[in-house]
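S.K.: Pasting coords_38.csv below, which is CSV, C-alpha atoms.
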chain,number,residue,atom,x,y,z
A,10,MET,CA,0.0,0.0,0.0
A,11,LYS,CA,1.3,3.4,-0.9
A,12,ILE,CA,0.9,6.1,1.7
A,13,LEU,CA,1.7,9.8,1.8
A,14,SER,CA,2.4,11.5,5.1
A,15,TYR,CA,3.0,15.2,5.0
A,16,ASN,CA,2.9,18.1,7.5
A,17,VAL,CA,1.9,20.7,5.0
A,18,ARG,CA,1.8,23.6,7.4
A,19,GLY,CA,-1.5,24.9,6.1
A,20,LEU,CA,-3.8,23.8,3.3
A,21,GLY,CA,-5.4,27.2,2.8
A,22,LYS,CA,-3.2,28.3,-0.1
A,23,LYS,CA,-3.8,27.1,-3.6
A,24,ALA,CA,-0.1,26.4,-4.3
A,25,LYS,CA,0.0,24.0,-1.4
A,26,ARG,CA,-3.1,22.2,-2.4
A,27,ARG,CA,-1.7,21.9,-5.9
A,28,GLU,CA,1.5,20.4,-4.5
A,29,VAL,CA,-0.4,17.8,-2.5
A,30,ARG,CA,-2.5,16.9,-5.6
A,31,ASP,CA,0.6,16.5,-7.8
A,32,ILE,CA,2.3,14.2,-5.2
A,33,ILE,CA,-0.8,12.0,-5.0
A,34,LYS,CA,-1.0,11.7,-8.8
A,35,LYS,CA,2.7,11.2,-9.4
A,36,GLN,CA,3.3,8.8,-6.6
A,37,LYS,CA,0.0,6.9,-7.1
A,38,VAL,CA,-0.9,7.4,-3.5
A,39,GLU,CA,-3.7,5.2,-2.0
A,40,LEU,CA,-3.8,6.8,1.4
A,41,CYS,CA,-3.0,10.5,2.0
A,42,CYS,CA,-2.3,11.7,5.6
A,43,ILE,CA,-2.0,15.4,6.1
A,44,GLN,CA,-1.0,17.2,9.3
A,45,GLU,CA,-1.4,20.8,10.2
A,46,THR,CA,-4.2,21.6,7.7
A,47,LYS,CA,-5.0,24.8,9.8
A,48,LEU,CA,-8.6,24.4,8.6
A,49,GLU,CA,-11.6,24.3,10.8
A,50,GLU,CA,-13.8,22.6,8.2
A,51,ILE,CA,-12.9,20.4,5.2
A,52,THR,CA,-15.5,19.7,2.6
A,53,LYS,CA,-15.9,16.8,0.1
A,54,PHE,CA,-15.3,19.4,-2.7
A,55,ARG,CA,-12.0,20.4,-1.2
A,56,CYS,CA,-10.9,16.7,-0.8
A,57,MET,CA,-11.9,16.0,-4.4
A,58,GLY,CA,-9.6,18.9,-5.5
A,59,LEU,CA,-6.7,17.2,-3.6
A,60,TRP,CA,-7.5,13.6,-4.7
A,61,GLY,CA,-8.2,14.4,-8.3
A,62,ASN,CA,-11.4,12.3,-8.7
A,63,SER,CA,-14.5,11.1,-6.7
A,64,ASN,CA,-13.2,7.6,-5.9
A,65,PHE,CA,-12.2,8.5,-2.3
A,66,ASP,CA,-13.4,8.6,1.3
A,67,TRP,CA,-12.1,10.9,3.9
A,68,ALA,CA,-12.0,11.8,7.6
A,69,TYR,CA,-10.7,14.9,9.3
A,70,SER,CA,-10.1,16.6,12.6
A,71,GLU,CA,-10.7,20.3,12.6
A,72,SER,CA,-8.0,22.8,13.6
A,73,VAL,CA,-8.3,25.0,16.7
A,74,GLY,CA,-8.2,28.4,15.1
A,75,ARG,CA,-5.1,28.5,13.0
A,76,SER,CA,-3.4,25.6,14.9
A,77,GLY,CA,-3.4,21.9,14.1
A,78,GLY,CA,-5.9,20.0,11.9
A,79,ILE,CA,-5.6,16.5,10.5
A,80,LEU,CA,-6.9,15.1,7.2
A,81,SER,CA,-6.9,11.5,5.9
A,82,ILE,CA,-8.1,10.7,2.4
A,83,TRP,CA,-8.0,7.2,0.8
A,84,ASP,CA,-9.0,5.2,-2.3
A,85,LYS,CA,-12.4,3.8,-1.4
A,86,TYR,CA,-11.7,0.8,-3.7
A,87,VAL,CA,-8.7,-0.1,-1.6
A,88,PHE,CA,-9.9,0.6,2.0
A,89,HIS,CA,-13.5,0.7,3.4
A,90,LYS,CA,-14.1,2.8,6.5
A,91,SER,CA,-16.2,1.2,9.3
A,92,SER,CA,-15.7,4.0,11.8
A,93,SER,CA,-13.5,7.0,12.5
A,94,TRP,CA,-12.8,9.2,15.5
A,95,ASN,CA,-10.5,11.8,16.8
A,96,VAL,CA,-8.9,11.9,20.2
A,97,ARG,CA,-5.9,13.7,21.6
A,98,ASP,CA,-4.2,14.7,18.4
A,99,VAL,CA,-4.7,11.5,16.5
A,100,LEU,CA,-7.3,10.7,13.8
A,101,ILE,CA,-8.2,7.0,13.8
A,102,VAL,CA,-9.9,5.2,10.9
A,103,ASN,CA,-11.1,1.6,11.4
A,104,GLY,CA,-12.1,-0.6,8.5
A,105,TYR,CA,-11.0,-3.3,6.1
A,106,PHE,CA,-9.0,-3.7,2.9
A,107,THR,CA,-11.3,-4.5,0.0
A,108,GLY,CA,-8.8,-6.7,-1.7
A,109,ASP,CA,-8.7,-9.5,0.9
A,110,GLY,CA,-11.1,-8.3,3.6
A,111,GLY,CA,-8.3,-7.9,6.1
A,112,ARG,CA,-9.0,-5.6,9.0
A,113,GLY,CA,-7.0,-2.3,9.2
A,114,VAL,CA,-6.5,0.6,11.6
A,115,LEU,CA,-5.0,3.8,10.1
A,116,MET,CA,-3.8,6.5,12.5
A,117,ASN,CA,-2.8,10.0,11.5
A,118,VAL,CA,-0.8,11.8,14.2
A,119,TYR,CA,0.0,15.4,14.9
A,120,ALA,CA,1.7,15.2,18.3
A,121,PRO,CA,1.8,18.2,20.7
A,122,VAL,CA,5.0,19.9,21.9
A,123,SER,CA,4.3,19.3,25.6
A,124,SER,CA,6.0,16.2,27.0
A,125,VAL,CA,3.0,15.6,29.3
A,126,GLU,CA,0.5,15.7,26.5
A,127,LYS,CA,2.7,13.5,24.3
A,128,ALA,CA,2.8,10.9,27.1
A,129,GLU,CA,-1.0,10.9,27.2
A,130,LEU,CA,-1.1,10.5,23.4
A,131,TRP,CA,1.3,7.6,23.5
A,132,ASP,CA,-0.9,5.9,26.0
A,133,ILE,CA,-4.0,6.3,23.8
A,134,ILE,CA,-2.2,5.0,20.7
A,135,SER,CA,-0.7,2.0,22.7
A,136,LEU,CA,-4.2,1.1,23.9
A,137,THR,CA,-5.6,1.3,20.4
A,138,VAL,CA,-2.8,-0.9,19.0
A,139,GLU,CA,-3.4,-3.4,21.8
A,140,GLN,CA,-7.1,-3.6,21.1
A,141,ASN,CA,-6.4,-4.2,17.4
A,142,MET,CA,-3.6,-6.8,17.6
A,143,ASP,CA,-5.2,-8.9,14.8
A,144,SER,CA,-5.6,-6.0,12.5
A,145,ARG,CA,-3.1,-4.3,10.2
A,146,VAL,CA,-2.1,-1.1,12.0
A,147,CYS,CA,-0.3,1.8,10.4
A,148,ILE,CA,0.6,5.0,12.4
A,149,VAL,CA,1.9,8.0,10.4
A,150,GLY,CA,2.5,11.6,11.0
A,151,ASP,CA,4.5,14.3,12.9
A,152,PHE,CA,5.4,12.8,16.3
A,153,ASN,CA,7.4,15.9,17.5
A,154,SER,CA,9.8,13.5,19.2
A,155,ILE,CA,13.2,11.9,18.4
A,156,ARG,CA,14.5,8.5,19.3
A,157,ARG,CA,18.2,9.3,19.4
A,158,PRO,CA,20.2,12.5,20.1
A,159,GLU,CA,21.7,12.5,16.5
A,160,GLU,CA,18.2,12.8,15.1
A,161,ARG,CA,18.1,16.5,16.2
A,162,VAL,CA,20.9,18.9,15.4
A,163,GLY,CA,21.1,22.6,16.4
A,164,ARG,CA,18.9,22.7,19.5
A,165,ARG,CA,20.0,22.9,23.1
A,166,GLU,CA,19.0,19.9,25.2
A,167,THR,CA,16.5,20.5,28.0
A,168,VAL,CA,14.1,17.7,28.8
A,169,GLU,CA,15.0,15.9,25.6
A,170,ASN,CA,16.4,12.8,27.3
A,171,ARG,CA,13.3,12.0,29.2
A,172,ASP,CA,11.1,12.7,26.1
A,173,MET,CA,13.2,10.3,24.1
A,174,GLU,CA,12.9,7.6,26.8
A,175,ARG,CA,9.1,7.9,26.9
A,176,PHE,CA,8.9,7.8,23.1
A,177,GLY,CA,11.2,4.7,23.0
A,178,GLU,CA,9.1,3.0,25.7
A,179,PHE,CA,5.9,3.6,23.8
A,180,ILE,CA,7.3,2.1,20.6
A,181,SER,CA,8.7,-0.9,22.4
A,182,GLN,CA,5.7,-1.6,24.6
A,183,SER,CA,3.3,-1.3,21.6
A,184,ASN,CA,5.5,-3.8,19.6
A,185,LEU,CA,5.7,-1.3,16.7
A,186,TYR,CA,8.2,-1.3,13.9
A,187,GLU,CA,9.5,1.9,12.3
A,188,ILE,CA,9.7,1.7,8.6
A,189,PRO,CA,13.2,2.9,7.5
A,190,LEU,CA,13.7,6.3,5.9
A,191,VAL,CA,16.0,6.0,2.9
A,192,GLY,CA,18.0,8.7,1.2
A,193,ARG,CA,17.6,11.3,4.1
A,194,SER,CA,18.5,11.7,7.7
A,195,PHE,CA,16.1,14.5,8.7
A,196,THR,CA,12.4,15.3,7.9
A,197,ARG,CA,12.1,18.9,9.3
A,198,TYR,CA,14.3,21.9,8.6
A,199,HIS,CA,13.8,25.0,10.6
A,200,PRO,CA,13.4,28.1,8.3
A,201,ASP,CA,16.2,30.0,10.0
A,202,GLY,CA,18.6,27.1,9.5
A,203,THR,CA,19.3,26.7,13.3
A,204,CYS,CA,17.8,23.3,13.6
A,205,LYS,CA,17.0,20.1,11.7
A,206,SER,CA,15.4,17.0,13.1
A,207,LYS,CA,13.7,13.6,12.3
A,208,ILE,CA,10.3,13.9,13.8
A,209,ASP,CA,8.0,12.6,10.9
A,210,ARG,CA,7.7,8.8,11.0
A,211,ILE,CA,5.7,5.8,10.0
A,212,PHE,CA,5.1,2.8,12.4
A,213,VAL,CA,3.4,-0.5,11.6
A,214,ASN,CA,2.6,-3.6,13.6
A,215,ASN,CA,3.5,-7.2,12.8
A,216,GLU,CA,0.3,-7.9,10.9
A,217,TRP,CA,1.0,-5.1,8.6
A,218,ILE,CA,4.6,-6.4,7.9
A,219,ARG,CA,3.2,-9.8,7.2
A,220,LYS,CA,1.1,-8.4,4.4
A,221,TRP,CA,3.6,-5.9,3.1
A,222,PRO,CA,7.1,-7.0,4.2
A,223,ASN,CA,9.3,-5.0,1.9
A,224,GLN,CA,8.3,-1.4,2.5
A,225,SER,CA,10.5,1.6,3.0
A,226,ILE,CA,10.0,5.4,3.3
A,227,LYS,CA,11.1,7.7,0.5
A,228,GLY,CA,11.6,11.4,1.4
A,229,LEU,CA,10.5,13.6,-1.4
A,230,ARG,CA,11.8,17.1,-2.2
A,231,ARG,CA,10.7,19.9,0.2
A,232,SER,CA,8.7,22.7,-1.2
A,233,PHE,CA,6.5,25.2,0.6
A,234,SER,CA,6.6,23.4,4.0
A,235,ASP,CA,9.6,23.0,6.3
A,236,HIS,CA,8.7,19.3,6.6
A,237,VAL,CA,9.6,16.6,4.0
A,238,PRO,CA,6.8,14.7,2.3
A,239,LEU,CA,7.1,11.0,3.1
A,240,VAL,CA,5.9,8.2,0.9
A,241,LEU,CA,5.6,4.7,2.1
A,242,GLN,CA,6.4,2.4,-0.8
A,243,GLY,CA,6.7,-1.4,-1.1
A,244,GLU,CA,8.0,-2.4,-4.5
A,245,ALA,CA,9.6,-5.9,-4.8
A,246,LYS,CA,13.1,-5.6,-6.2
A,247,ASP,CA,14.9,-8.4,-7.9
A,248,TRP,CA,18.5,-8.2,-6.8
A,249,GLY,CA,19.4,-11.6,-8.4
A,250,PRO,CA,19.8,-15.1,-6.8
A,251,ARG,CA,19.6,-15.4,-3.1
A,252,PRO,CA,22.8,-16.3,-1.2
A,253,PHE,CA,23.2,-19.9,0.1
A,254,ARG,CA,22.2,-20.4,3.8
A,255,PHE,CA,23.3,-23.4,5.8
A,256,MET,CA,20.4,-24.6,8.1
A,257,ASN,CA,21.4,-26.0,11.4
A,258,ILE,CA,18.6,-28.5,11.4
A,259,TRP,CA,20.3,-30.4,8.6
A,260,ILE,CA,23.0,-31.7,11.0
A,261,ASP,CA,20.3,-33.5,13.0
A,262,HIS,CA,19.1,-35.5,10.1
A,263,PRO,CA,20.5,-39.0,10.0
A,264,GLN,CA,21.2,-39.0,6.3
A,265,PHE,CA,23.0,-35.6,6.2
A,266,LYS,CA,26.6,-36.7,6.9
A,267,ASP,CA,26.5,-39.7,4.6
A,268,PHE,CA,24.9,-37.5,1.8
A,269,VAL,CA,27.6,-34.9,2.1
A,270,LEU,CA,30.5,-37.4,2.1
A,271,GLU,CA,29.0,-39.3,-0.8
A,272,LYS,CA,28.6,-36.1,-2.9
A,273,TRP,CA,32.0,-34.7,-1.9
A,274,ASN,CA,33.8,-37.8,-2.9
A,275,SER,CA,32.0,-38.0,-6.2
A,276,TYR,CA,33.2,-34.6,-7.5
A,277,CYS,CA,36.1,-34.9,-9.9
A,278,ILE,CA,37.7,-31.5,-10.2
A,279,GLU,CA,41.2,-30.9,-11.6
A,280,GLY,CA,43.4,-27.9,-10.8
A,281,TRP,CA,45.2,-26.5,-7.8
A,282,GLU,CA,43.9,-27.1,-4.3
A,283,ALA,CA,42.1,-23.8,-3.6
A,284,TYR,CA,40.4,-24.0,-7.0
A,285,ARG,CA,39.2,-27.6,-6.4
A,286,LEU,CA,37.9,-26.6,-3.0
A,287,LYS,CA,36.0,-23.7,-4.4
A,288,GLU,CA,34.4,-25.7,-7.2
A,289,LYS,CA,33.5,-28.6,-4.9
A,290,LEU,CA,31.8,-26.2,-2.5
A,291,LYS,CA,29.8,-24.7,-5.4
A,292,LEU,CA,28.6,-28.2,-6.5
A,293,LEU,CA,27.8,-29.2,-2.9
A,294,LYS,CA,25.8,-26.0,-2.5
A,295,LYS,CA,23.6,-27.0,-5.4
A,296,ASP,CA,23.1,-30.6,-4.3
A,297,LEU,CA,22.3,-29.5,-0.7
A,298,ARG,CA,19.5,-27.2,-2.0
A,299,GLY,CA,18.0,-30.2,-3.9
A,300,TRP,CA,18.4,-32.5,-0.9
A,301,ASN,CA,16.7,-29.9,1.4
A,302,LYS,CA,13.8,-29.7,-1.0
A,303,VAL,CA,13.4,-33.5,-1.1
A,304,ILE,CA,13.8,-34.2,2.6
A,305,PHE,CA,12.3,-31.1,4.2
A,306,GLY,CA,10.1,-29.7,1.4
A,307,ASP,CA,7.4,-27.2,2.3
A,308,ILE,CA,7.1,-27.6,6.0
A,309,ASP,CA,3.9,-25.6,6.4
A,310,TYR,CA,2.3,-27.7,3.6
A,311,ASN,CA,3.5,-30.9,5.2
A,312,ILE,CA,2.1,-29.9,8.6
A,313,GLU,CA,-1.3,-29.0,7.2
A,314,SER,CA,-1.3,-32.2,5.1
A,315,LYS,CA,-0.7,-34.4,8.2
A,316,LYS,CA,-3.4,-32.5,10.2
A,317,GLU,CA,-5.8,-33.3,7.4
A,318,GLU,CA,-4.9,-37.0,7.4
A,319,ILE,CA,-5.4,-37.2,11.2
A,320,GLU,CA,-8.7,-35.3,10.9
A,321,ILE,CA,-10.1,-37.7,8.3
A,322,LEU,CA,-9.1,-40.7,10.4
A,323,ASP,CA,-10.6,-39.2,13.5
A,324,ARG,CA,-13.9,-38.7,11.7
A,325,ILE,CA,-13.9,-42.4,10.5
A,326,ASP,CA,-13.1,-43.4,14.1
A,327,ASP,CA,-16.1,-41.3,15.4
A,328,ALA,CA,-18.4,-42.9,12.9
A,329,MET,CA,-17.5,-46.6,12.8
A,330,GLY,CA,-14.1,-47.1,14.5
A,331,LEU,CA,-10.7,-47.8,13.0
A,332,GLU,CA,-9.2,-51.0,11.7
A,333,GLU,CA,-5.7,-51.9,12.9
A,334,VAL,CA,-4.0,-50.6,9.7
A,335,GLU,CA,-5.8,-47.3,10.1
A,336,ILE,CA,-4.7,-46.9,13.7
A,337,ILE,CA,-1.1,-47.5,12.6
A,338,GLN,CA,-1.5,-44.9,9.9
A,339,ARG,CA,-2.9,-42.3,12.3
A,340,ASN,CA,-0.1,-42.9,14.8
A,341,LYS,CA,2.4,-42.6,11.9
A,342,SER,CA,0.8,-39.3,10.8
A,343,THR,CA,0.9,-38.0,14.3
A,344,ALA,CA,4.6,-38.8,14.7
A,345,GLU,CA,5.4,-37.1,11.4
A,346,LEU,CA,3.3,-34.1,12.4
A,347,ILE,CA,5.4,-33.7,15.6
A,348,LYS,CA,8.6,-34.1,13.5
A,349,PHE,CA,7.5,-31.4,11.1
A,350,GLY,CA,6.5,-29.1,14.0
A,351,GLN,CA,9.9,-29.5,15.6
A,352,TRP,CA,11.6,-28.7,12.2
A,353,LYS,CA,9.6,-25.6,11.9
A,354,GLU,CA,10.5,-24.4,15.4
A,355,LYS,CA,14.2,-24.9,14.6
A,356,PHE,CA,14.0,-23.1,11.3
A,357,LEU,CA,12.2,-20.2,13.0
A,358,ALA,CA,14.7,-20.2,15.8
A,359,GLN,CA,17.7,-19.8,13.4
A,360,LYS,CA,16.0,-17.2,11.3
A,361,ALA,CA,15.0,-15.2,14.4
A,362,LYS,CA,18.4,-15.7,16.0
A,363,ALA,CA,16.7,-16.4,19.3
A,364,ARG,CA,18.7,-19.2,21.0
A,365,TRP,CA,16.3,-19.8,23.9
A,366,LEU,CA,13.7,-21.2,21.6
A,367,TRP,CA,15.5,-24.5,21.8
A,368,ASP,CA,14.3,-24.9,25.4
A,369,GLY,CA,10.7,-23.7,25.0
A,370,ASP,CA,7.7,-23.6,22.8
A,371,VAL,CA,7.5,-21.5,19.6
A,372,ASN,CA,5.7,-18.2,19.7
A,373,SER,CA,4.9,-17.9,16.0
A,374,SER,CA,3.7,-14.3,16.2
A,375,TYR,CA,6.8,-13.2,18.2
A,376,PHE,CA,9.3,-15.0,16.0
A,377,HIS,CA,7.6,-14.1,12.7
A,378,GLY,CA,7.8,-10.5,14.0
A,379,TRP,CA,11.5,-10.7,14.6
A,380,ILE,CA,12.2,-12.4,11.3
A,381,ASN,CA,10.3,-9.7,9.5
A,382,LYS,CA,12.1,-7.0,11.5
A,383,ASN,CA,15.5,-8.5,10.7
A,384,LYS,CA,14.6,-8.7,7.0
A,385,LYS,CA,13.8,-5.0,7.1
A,386,SER,CA,17.0,-4.1,9.0
A,387,ASN,CA,19.2,-6.1,6.6
A,388,ALA,CA,17.5,-4.9,3.5
A,389,ILE,CA,19.4,-2.5,1.2
A,390,GLU,CA,16.9,0.0,-0.3
A,391,GLY,CA,19.4,2.0,-2.2
A,392,LEU,CA,22.8,3.7,-2.0
A,393,LEU,CA,24.1,7.3,-1.7
A,394,ILE,CA,26.7,7.6,-4.5
A,395,ASN,CA,28.4,11.0,-5.2
A,396,ASP,CA,25.8,12.8,-3.1
A,397,ARG,CA,23.0,11.3,-5.2
A,398,TRP,CA,20.5,8.8,-3.8
A,399,ILE,CA,19.9,5.8,-6.2
A,400,ASP,CA,17.4,3.0,-5.6
A,401,THR,CA,16.8,1.2,-8.9
A,402,VAL,CA,18.4,-2.2,-9.2
A,403,ASP,CA,20.4,-1.5,-12.4
A,404,ASP,CA,21.8,1.9,-11.0
A,405,VAL,CA,22.8,0.3,-7.7
A,406,LYS,CA,24.6,-2.5,-9.4
A,407,LYS,CA,26.4,0.0,-11.7
A,408,GLY,CA,27.3,2.1,-8.7
A,409,ILE,CA,28.9,-0.9,-6.9
A,410,GLN,CA,30.9,-1.8,-9.9
Would you put the structure from the file into C-alpha cells?

M.R.:
Amino acid sequence: MKILSYNVRGLGKKAKRREVRDIIKKQKVELCCIQETKLEEITKFRCMGLWGNSNFDWAYSESVGRSGGILSIWDKYVFHKSSSWNVRDVLIVNGYFTGDGGRGVLMNVYAPVSSVEKAELWDIISLTVEQNMDSRVCIVGDFNSIRRPEERVGRRETVENRDMERFGEFISQSNLYEIPLVGRSFTRYHPDGTCKSKIDRIFVNNEWIRKWPNQSIKGLRRSFSDHVPLVLQGEAKDWGPRPFRFMNIWIDHPQFKDFVLEKWNSYCIEGWEAYRLKEKLKLLKKDLRGWNKVIFGDIDYNIESKKEEIEILDRIDDAMGLEEVEIIQRNKSTAELIKFGQWKEKFLAQKAKARWLWDGDVNSSYFHGWINKNKKSNAIEGLLINDRWIDTVDDVKKGIQ
C-alpha cells in the first residue's frame, strides 16, 4: 500500500493544495495523511480537489483556530471505512482492505509539543494498538519526538532525554516497527537554519509487515513546508539469486553426513587445491539445495497435510471405529506431524536468532515479527553515491561496480 504523510503547514493556499495533488497523482498514493491543515472545516469538494477524482473517502479533525488540523483521504476501492474518531491529536480510521477483507486501523498523528500531553497521546495509541492486535495497524505523522540524540541537530538539550525515553518505551511496549527512511537523515528543517530533526515517521505492527514485508519510506523534495513529504512504498526488487544459507537442522538429520560425504567424494575437479575446494563447494551447495527440497520440502504444507490426514481418520473413528492398519496410519501421521513441527521451530529459531527457543515452545507471532524485523533491518533499499541517492536495481549494481 502506498501512503503519503505530510505536515503541509496549512492547506489554505492554492499552491500547497496543488503540490499535494501533484504528489498524490505522481506517486499513485492510495492513502494521504496530512498534518497541520490549519482548517476548521474540510468539505468533500476540497478533498476532491486534492485527490483528483471522486473515488475516495475521507475523515478529518478540525483545527483549533489556525493551529493543528488533521486530514486522511484514501482510495475507497482499496480501503473501506467502518468508523473514525479523533482523540488527543490522533485521527483514527477503522475498516477493512477491500482486496482480501483484512481488518485495518490507520492512525494520522500530529503530536503536541508538551511532554506531558505527548505521554498521554502515546498511552492512547498504545491502547488502540493493543485492542487491534489482529488488524493491520499503520501509524503515520508528525510525532514531535526523536528516538536518538543524533536525530536532532542545532537545539540545546533541555528535557530531551526523558522525552526520548518515553517515546522509546511507547514504541517498544506497543510492539511497533518503524519503517526505515532511505536517502535522508532528517524530515524537518527550521526556516532560519538553526535546527533540523527527524520527527516525521511511520510505524506499523506485525500484521502489517506480514502483508507488506518489503516497505520503505522515501523522502521527497521539500517545497512550501519546512517538513519533508514522506511516501511509504513497497516495491519488490529483484537483486538476483539469493545467497546460500546453511540450516542447522540439517545436521540433526541421520542422512546428512552420509549424503555430504558421498557427494563430496563423487566430485572430480582438476586444478590447484584452492580452485578444487571452491568448485567442490559450489557443486555441494547446489546438491544441498536439492536435498533440502526433497527431505524437508514445504514444512507448512506438510504440517497441514498431516493434520488433514489425522482429521479424516478421527472422523472415521467417530463414525465406525478404525481398523488396525488405520490406527497404525494415524499414529504414523501424528509422529510425522510432531517431527515437522519440531523442524519448523528450529527453522524459525535460526531465522529469528533467538537461542532460547530450543528450550521452549515456539511463539509464532513473536518470531515471525523478529524475522520480518531482521529482514527490514538487513534490506538495502538504495545507495548514496556521489551525493545522489539511487534506488533502482540497475543503477545500484552499476554504482557498486

S.K.: Interatomic distance between CA of Gly163 in chain A and CA of Gly150 in chain A?

M.R.: 22.3 Å

S.K.: In Å, how far is it from CA of Ser275 in chain A to CA of Arg254 in chain A?

M.R.: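 Going from CA of Ser275 in chain A over to CA of Arg254 in chain A, I get 22.5 Å.
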
S.K.: Given the choices A:Val237, A:Met142, A:Ile155, A:Leu136, which gets closest to Val213 in chain A if the distance is worked out from only C-alpha atoms?

M.R.: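 Of all the options, A:Met142 lies closest to Val213 in chain A.
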
S.K.: Expressed in Å to a single decimal, how great is the separation between CA of Phe349 in chain A and CA of Leu322 in chain A?

M.R.: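 Between CA of Phe349 in chain A and CA of Leu322 in chain A the gap works out to 19.0 Å.
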
S.K.: Which protein, DNA or RNA residues are at most 10 Å from (-10.0, 14.4, -4.2) in the file's coordinates when you count all atoms listed in the file, listed as a ChimeraX atom specification?

M.R.: /A:30,33,53-67,82-84

S.K.: Write to file, as a PDB file, in the coordinates of the input, the residues of the selection just made, with C-alpha atoms.

M.R.:
ATOM      1  CA  ARG A  30      -2.500  16.900  -5.600  1.00  0.00           C
ATOM      2  CA  ILE A  33      -0.800  12.000  -5.000  1.00  0.00           C
ATOM      3  CA  LYS A  53     -15.900  16.800   0.100  1.00  0.00           C
ATOM      4  CA  PHE A  54     -15.300  19.400  -2.700  1.00  0.00           C
ATOM      5  CA  ARG A  55     -12.000  20.400  -1.200  1.00  0.00           C
ATOM      6  CA  CYS A  56     -10.900  16.700  -0.800  1.00  0.00           C
ATOM      7  CA  MET A  57     -11.900  16.000  -4.400  1.00  0.00           C
ATOM      8  CA  GLY A  58      -9.600  18.900  -5.500  1.00  0.00           C
ATOM      9  CA  LEU A  59      -6.700  17.200  -3.600  1.00  0.00           C
ATOM     10  CA  TRP A  60      -7.500  13.600  -4.700  1.00  0.00           C
ATOM     11  CA  GLY A  61      -8.200  14.400  -8.300  1.00  0.00           C
ATOM     12  CA  ASN A  62     -11.400  12.300  -8.700  1.00  0.00           C
ATOM     13  CA  SER A  63     -14.500  11.100  -6.700  1.00  0.00           C
ATOM     14  CA  ASN A  64     -13.200   7.600  -5.900  1.00  0.00           C
ATOM     15  CA  PHE A  65     -12.200   8.500  -2.300  1.00  0.00           C
ATOM     16  CA  ASP A  66     -13.400   8.600   1.300  1.00  0.00           C
ATOM     17  CA  TRP A  67     -12.100  10.900   3.900  1.00  0.00           C
ATOM     18  CA  ILE A  82      -8.100  10.700   2.400  1.00  0.00           C
ATOM     19  CA  TRP A  83      -8.000   7.200   0.800  1.00  0.00           C
ATOM     20  CA  ASP A  84      -9.000   5.200  -2.300  1.00  0.00           C
TER      21      ASP A  84
END

S.K.: Between A:Glu187, A:Glu39, A:Glu332, A:Glu313, which has the minimum distance to Trp217 in chain A (counting all atoms listed in the file)?

M.R.: A:Glu187

S.K.: Which residues are near Lys37 in chain A? Cut-off 10 Å, all atoms listed in the file, ignore same chain within fewer than 4 positions. Put them as an MDAnalysis selection string.

M.R.: chainID A and resid 10:13 31:33

S.K.: Would you please work out which residue, of A:Cys42, A:Leu20, A:Leu293, A:Ile258, is nearest to Lys348 in chain A when using all atoms listed in the file?

M.R.: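 Checking each of A:Cys42, A:Leu20, A:Leu293, A:Ile258 against Lys348 in chain A, counting all atoms listed in the file, the winner is A:Ile258.
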
S.K.: In file coordinates, which residues lie within 12 Å of (10.6, 19.0, -3.0) using all atoms listed in the file, given as a PyMOL selection string?

M.R.: chain A and resi 15+17+25+28-29+31-32+196+227-239

S.K.: Quick one: everything within 7 Å of range 342-346 of chain A, counting only C-alpha atoms, minus sequence neighbours fewer than 5 positions away in the same chain. Send it as a compact mmCIF listing (two decimals) with C-alpha atoms, in the frame of the given file.

M.R.:
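Dumped to around.txt:
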# COMPACT_ATOMS: atom_id res chain seq x y z
CA ILE A 312 2.10 -29.90 8.60
CA LYS A 315 -0.70 -34.40 8.20
CA ILE A 319 -5.40 -37.20 11.20

S.K.: Could you make a table, as JSON lines, of the residues of range 135-230 of chain A that have an atom within 9 Å of an atom of range 113-131 of chain A, each with its nearest atom pair and distance in Å to one decimal, counting all atoms listed in the file, in chain and number order?

M.R.:
{"residue": "A:Ser135", "atom": "CA", "partner": "A:Trp131", "partner_atom": "CA", "distance": 6.0}
{"residue": "A:Leu136", "atom": "CA", "partner": "A:Trp131", "partner_atom": "CA", "distance": 8.5}
{"residue": "A:Thr137", "atom": "CA", "partner": "A:Val114", "partner_atom": "CA", "distance": 8.9}
{"residue": "A:Val138", "atom": "CA", "partner": "A:Val114", "partner_atom": "CA", "distance": 8.4}
{"residue": "A:Asn141", "atom": "CA", "partner": "A:Val114", "partner_atom": "CA", "distance": 7.5}
{"residue": "A:Asp143", "atom": "CA", "partner": "A:Gly113", "partner_atom": "CA", "distance": 8.8}
{"residue": "A:Ser144", "atom": "CA", "partner": "A:Gly113", "partner_atom": "CA", "distance": 5.2}
{"residue": "A:Arg145", "atom": "CA", "partner": "A:Gly113", "partner_atom": "CA", "distance": 4.5}
{"residue": "A:Val146", "atom": "CA", "partner": "A:Val114", "partner_atom": "CA", "distance": 4.7}
{"residue": "A:Cys147", "atom": "CA", "partner": "A:Leu115", "partner_atom": "CA", "distance": 5.1}
{"residue": "A:Ile148", "atom": "CA", "partner": "A:Met116", "partner_atom": "CA", "distance": 4.6}
{"residue": "A:Val149", "atom": "CA", "partner": "A:Asn117", "partner_atom": "CA", "distance": 5.2}
{"residue": "A:Gly150", "atom": "CA", "partner": "A:Val118", "partner_atom": "CA", "distance": 4.6}
{"residue": "A:Asp151", "atom": "CA", "partner": "A:Tyr119", "partner_atom": "CA", "distance": 5.0}
{"residue": "A:Phe152", "atom": "CA", "partner": "A:Ala120", "partner_atom": "CA", "distance": 4.8}
{"residue": "A:Asn153", "atom": "CA", "partner": "A:Ala120", "partner_atom": "CA", "distance": 5.8}
{"residue": "A:Ser154", "atom": "CA", "partner": "A:Ala120", "partner_atom": "CA", "distance": 8.3}
{"residue": "A:Val168", "atom": "CA", "partner": "A:Ser124", "partner_atom": "CA", "distance": 8.4}
{"residue": "A:Arg171", "atom": "CA", "partner": "A:Ser124", "partner_atom": "CA", "distance": 8.7}
{"residue": "A:Asp172", "atom": "CA", "partner": "A:Ser124", "partner_atom": "CA", "distance": 6.3}
{"residue": "A:Arg175", "atom": "CA", "partner": "A:Ala128", "partner_atom": "CA", "distance": 7.0}
{"residue": "A:Phe176", "atom": "CA", "partner": "A:Trp131", "partner_atom": "CA", "distance": 7.6}
{"residue": "A:Phe179", "atom": "CA", "partner": "A:Trp131", "partner_atom": "CA", "distance": 6.1}
{"residue": "A:Ile180", "atom": "CA", "partner": "A:Trp131", "partner_atom": "CA", "distance": 8.6}
{"residue": "A:Trp217", "atom": "CA", "partner": "A:Gly113", "partner_atom": "CA", "distance": 8.5}
